[in-house]
Structures are given as structure tokens and as C-alpha cells.
Amino acid sequence: MYTLLSGLYKYMFQKDEYCILILGLDNAGKTTFLEQSKTRFNKNYKGMSLSKITTTVGLNIGTVDFGKARLMFWDLGGQEELQSLWDKYYAECHGVIYVIDSTDEERLSESKRAFEKMVTSEALDGVPILVLANKQDIEQGGARGHRMDGEVRRAECAPAAAAAGHHIGTAGPEHPPLVLKSSC
Ligand SMILES: Nc1nc2c(ncn2[C@@H]2O[C@H](COP(=O)(O)OP(=O)(O)O)[C@@H](O)[C@H]2O)c(=O)[nH]1
Ligand SMILES: [Mg+2]
């Protein structure tokens, strides 16, 4: 009887947990994206002022519930010296959101190199990857998916403006869903 009841309880209330890594160079907007996602999807979360977000040195963790799924976001520091830590988290993750600052042309090639290193890691084989071309609210924002995509492995790409919360969680032909089935 206990087994039956606990099974029923788990079926009704327990959530499937997924770990999503948020990666990308420093200043791409990863922490802003995480904060906006938490604010948008967690009813009781007030959200911190975006101007108070400082450079991430270790990692920020945030949890967001979508129906029966619980997404645990791990937002890692993007500075060059911290990128060597990214692969320690690959084995545990179910998906990756790779954020680029699409207005920072000077660092696009640096971002591409970091992306390629990440995407060729065997530990990420079969893991769905979403590339967010962020800061689309700024006039010169122009990076598009094809710049980051294709050479090594296919990744989905979506425009975003994390600071304004635009396209966070929206889905449709123009704004693909945040977490995609594996396309790799
Ligand atoms: N205009 C604009 N600024 C953004 C956007 N996302 C982040 N930022 C700004 O970019 C800077 C770096 O953001 P942060 O989230 O700390 O980047 P991280 O280092 O990747 O975590 C901050 O000044 C943010 O306010 C966006 O979509 N649009
Ligand atoms: Mg950060």
C-alpha cells in the first residue's frame, strides 16, 4: 500500500529534473537571461534589478518549473580562464544554451572559437544546443544563426533580448522554443 501511495504521489507531484548549461563569453548576457527566465516563470520570484548583475566568477544556479519538468540552469563564468571549467559540467547536463552578444563584432570570432571547442566535446554528443543571438534590441545587432552553425555540428539558433525579456520562452516559426529536441 505504501509503495502504491508513494508511487502515486511521485507520479502526481514529482518533477523530472533537467540540467541546462548557460554558456558563452563574459558579457554575452547569460546571467541576465537567467534572471529574466526566473522572473518570468517563477510566480513568487521578484527578480533582482538587472543593473545589479555583476560579472559571474563561479556559477549561478537557477531553477524554473515548466509543468512537470524542472529546469536547473547552471550559468557559468565566460572569461577565458573560466572556460576551461565548462567541460566539468558537460557529463551532467541535458541541454546547452550558448549565448552570444550579437552586437560585439570584435568578439564574434572569439565566441565562435569557444563554441567550436565546446561543441566538439565528446561529452556533449547528442545533447541539444540552442544558440541565442542576444542583444537584438540594440540597433546594430546582426549576428544570425548561420555564423555559428554548420561547420561542426548543427545547432538551433534564436534571436533574443535577454535584458528586455524578449523571446524568452516564446515559441513559433520566428522564435523557436528555448529548449529544443536534439538536432545534433
Ligand atoms: N541591451 C541589452 N543589454 C543586455 C542584454 N542582455 C544583457 N545585457 C547587458 O550586458 C551586460 C552583461 O550582462 P551579463 O548578464 O552580466 O552577461 P554575462 O557575463 O554573460 O553573464 C549587462 O550590462 C547587461 O545589462 C540584452 O538583451 N540587451
Ligand atoms: Mg554572468
# chains A, B, ... in the order shown; residues from 1 in each chain; ligands from 1
$ residues_near_ligand --ligand "ligand 1" --cutoff "7 Å" --atoms "only C-alpha atoms and all ligand atoms" --output "list in words"
Gly24, Leu25, Asp26, Asn27, Ala28, Gly29, Lys30, Thr31, Thr32, Phe33, Leu50, Ser51, Ile53, Thr54, Thr55, Thr56, Gly77, Gly78, Asn134, Lys135, Gln136, Asp137, Ile138, Ala160, Ala161, Ala162, Ala163 and Ala164 of chain A
$ atom_distance --atom1 "CA of Phe13 in chain A" --atom2 "CA of Ala91 in chain A"
26.8 Å
$ select_by_dssp --residues "range 25-80 of chain A" --states "alpha helix (DSSP H)" --output "list in words"
Lys30, Thr31, Thr32, Phe33, Leu34, Glu35, Gln36, Ser37, Lys38, Thr39, Arg40, Phe41 and Glu80 of chain A
$ write_last_selection --atoms "C-alpha atoms" --output "PDB file, in the first residue's frame"
ATOM      1  CA  LYS A  30      23.953  34.834 -19.665  1.00  0.00           C
ATOM      2  CA  THR A  31      23.136  35.967 -16.142  1.00  0.00           C
ATOM      3  CA  THR A  32      20.613  38.492 -17.425  1.00  0.00           C
ATOM      4  CA  PHE A  33      18.936  35.721 -19.405  1.00  0.00           C
ATOM      5  CA  LEU A  34      18.811  33.510 -16.301  1.00  0.00           C
ATOM      6  CA  GLU A  35      17.387  36.301 -14.140  1.00  0.00           C
ATOM      7  CA  GLN A  36      14.736  37.150 -16.731  1.00  0.00           C
ATOM      8  CA  SER A  37      13.774  33.482 -17.099  1.00  0.00           C
ATOM      9  CA  LYS A  38      13.379  33.116 -13.341  1.00  0.00           C
ATOM     10  CA  THR A  39      11.346  36.313 -13.127  1.00  0.00           C
ATOM     11  CA  ARG A  40       9.133  35.268 -15.983  1.00  0.00           C
ATOM     12  CA  PHE A  41       8.425  31.700 -14.975  1.00  0.00           C
ATOM     13  CA  GLU A  80      38.788  32.838 -20.879  1.00  0.00           C
TER      14      GLU A  80
END
$ closest_residue --among "A:Leu108, A:Cys19, A:Met1, A:Leu82" --to "ligand 2" --atoms "only C-alpha atoms and all ligand atoms"
A:Leu82
$ residues_around --residues "Ala123 in chain A" --least-positions-apart "4" --cutoff "9 Å" --atoms "only C-alpha atoms" --output "ChimeraX atom specification"
/A:87,90-91,127
$ select_by_dssp --residues "range 25-74 of chain A" --states "strand (DSSP E)" --output "PDB file with N, CA and C atoms, in the first residue's frame"
ATOM      1  N   LEU A  59      29.633  30.211 -10.379  1.00  0.00           N
ATOM      2  CA  LEU A  59      28.464  29.862 -11.179  1.00  0.00           C
ATOM      3  C   LEU A  59      27.201  30.311 -10.474  1.00  0.00           C
ATOM      4  N   ASN A  60      26.177  30.640 -11.265  1.00  0.00           N
ATOM      5  CA  ASN A  60      24.856  30.956 -10.716  1.00  0.00           C
ATOM      6  C   ASN A  60      23.934  29.800 -11.037  1.00  0.00           C
ATOM      7  N   ILE A  61      23.128  29.432 -10.057  1.00  0.00           N
ATOM      8  CA  ILE A  61      22.176  28.358 -10.304  1.00  0.00           C
ATOM      9  C   ILE A  61      20.771  28.923 -10.187  1.00  0.00           C
ATOM     10  N   GLY A  62      19.917  28.549 -11.096  1.00  0.00           N
ATOM     11  CA  GLY A  62      18.523  28.993 -11.038  1.00  0.00           C
ATOM     12  C   GLY A  62      17.621  27.855 -11.454  1.00  0.00           C
ATOM     13  N   THR A  63      16.460  27.788 -10.825  1.00  0.00           N
ATOM     14  CA  THR A  63      15.519  26.710 -11.141  1.00  0.00           C
ATOM     15  C   THR A  63      14.227  27.299 -11.688  1.00  0.00           C
ATOM     16  N   VAL A  64      13.740  26.689 -12.748  1.00  0.00           N
ATOM     17  CA  VAL A  64      12.494  27.148 -13.348  1.00  0.00           C
ATOM     18  C   VAL A  64      11.615  25.924 -13.597  1.00  0.00           C
ATOM     19  N   ASP A  65      10.352  25.986 -13.208  1.00  0.00           N
ATOM     20  CA  ASP A  65       9.439  24.865 -13.430  1.00  0.00           C
ATOM     21  C   ASP A  65       8.576  25.106 -14.654  1.00  0.00           C
ATOM     22  N   PHE A  66       8.530  24.112 -15.510  1.00  0.00           N
ATOM     23  CA  PHE A  66       7.628  24.138 -16.667  1.00  0.00           C
ATOM     24  C   PHE A  66       6.746  22.904 -16.560  1.00  0.00           C
ATOM     25  N   ALA A  69       8.167  19.475 -15.691  1.00  0.00           N
ATOM     26  CA  ALA A  69       9.634  19.491 -15.817  1.00  0.00           C
ATOM     27  C   ALA A  69      10.220  20.591 -14.935  1.00  0.00           C
ATOM     28  N   ARG A  70      11.313  20.262 -14.278  1.00  0.00           N
ATOM     29  CA  ARG A  70      12.052  21.273 -13.508  1.00  0.00           C
ATOM     30  C   ARG A  70      13.394  21.481 -14.202  1.00  0.00           C
ATOM     31  N   LEU A  71      13.622  22.704 -14.675  1.00  0.00           N
ATOM     32  CA  LEU A  71      14.881  23.002 -15.359  1.00  0.00           C
ATOM     33  C   LEU A  71      15.827  23.658 -14.373  1.00  0.00           C
ATOM     34  N   MET A  72      16.985  23.046 -14.213  1.00  0.00           N
ATOM     35  CA  MET A  72      18.000  23.659 -13.349  1.00  0.00           C
ATOM     36  C   MET A  72      19.051  24.289 -14.256  1.00  0.00           C
ATOM     37  N   PHE A  73      19.090  25.595 -14.257  1.00  0.00           N
ATOM     38  CA  PHE A  73      20.039  26.306 -15.112  1.00  0.00           C
ATOM     39  C   PHE A  73      21.346  26.521 -14.362  1.00  0.00           C
ATOM     40  N   TRP A  74      22.442  26.214 -15.007  1.00  0.00           N
ATOM     41  CA  TRP A  74      23.762  26.493 -14.449  1.00  0.00           C
ATOM     42  C   TRP A  74      24.427  27.525 -15.354  1.00  0.00           C
TER      43      TRP A  74
END
$ atom_distance --atom1 "CA of Lys112 in chain A" --atom2 "CA of Ile97 in chain A"
14.1 Å
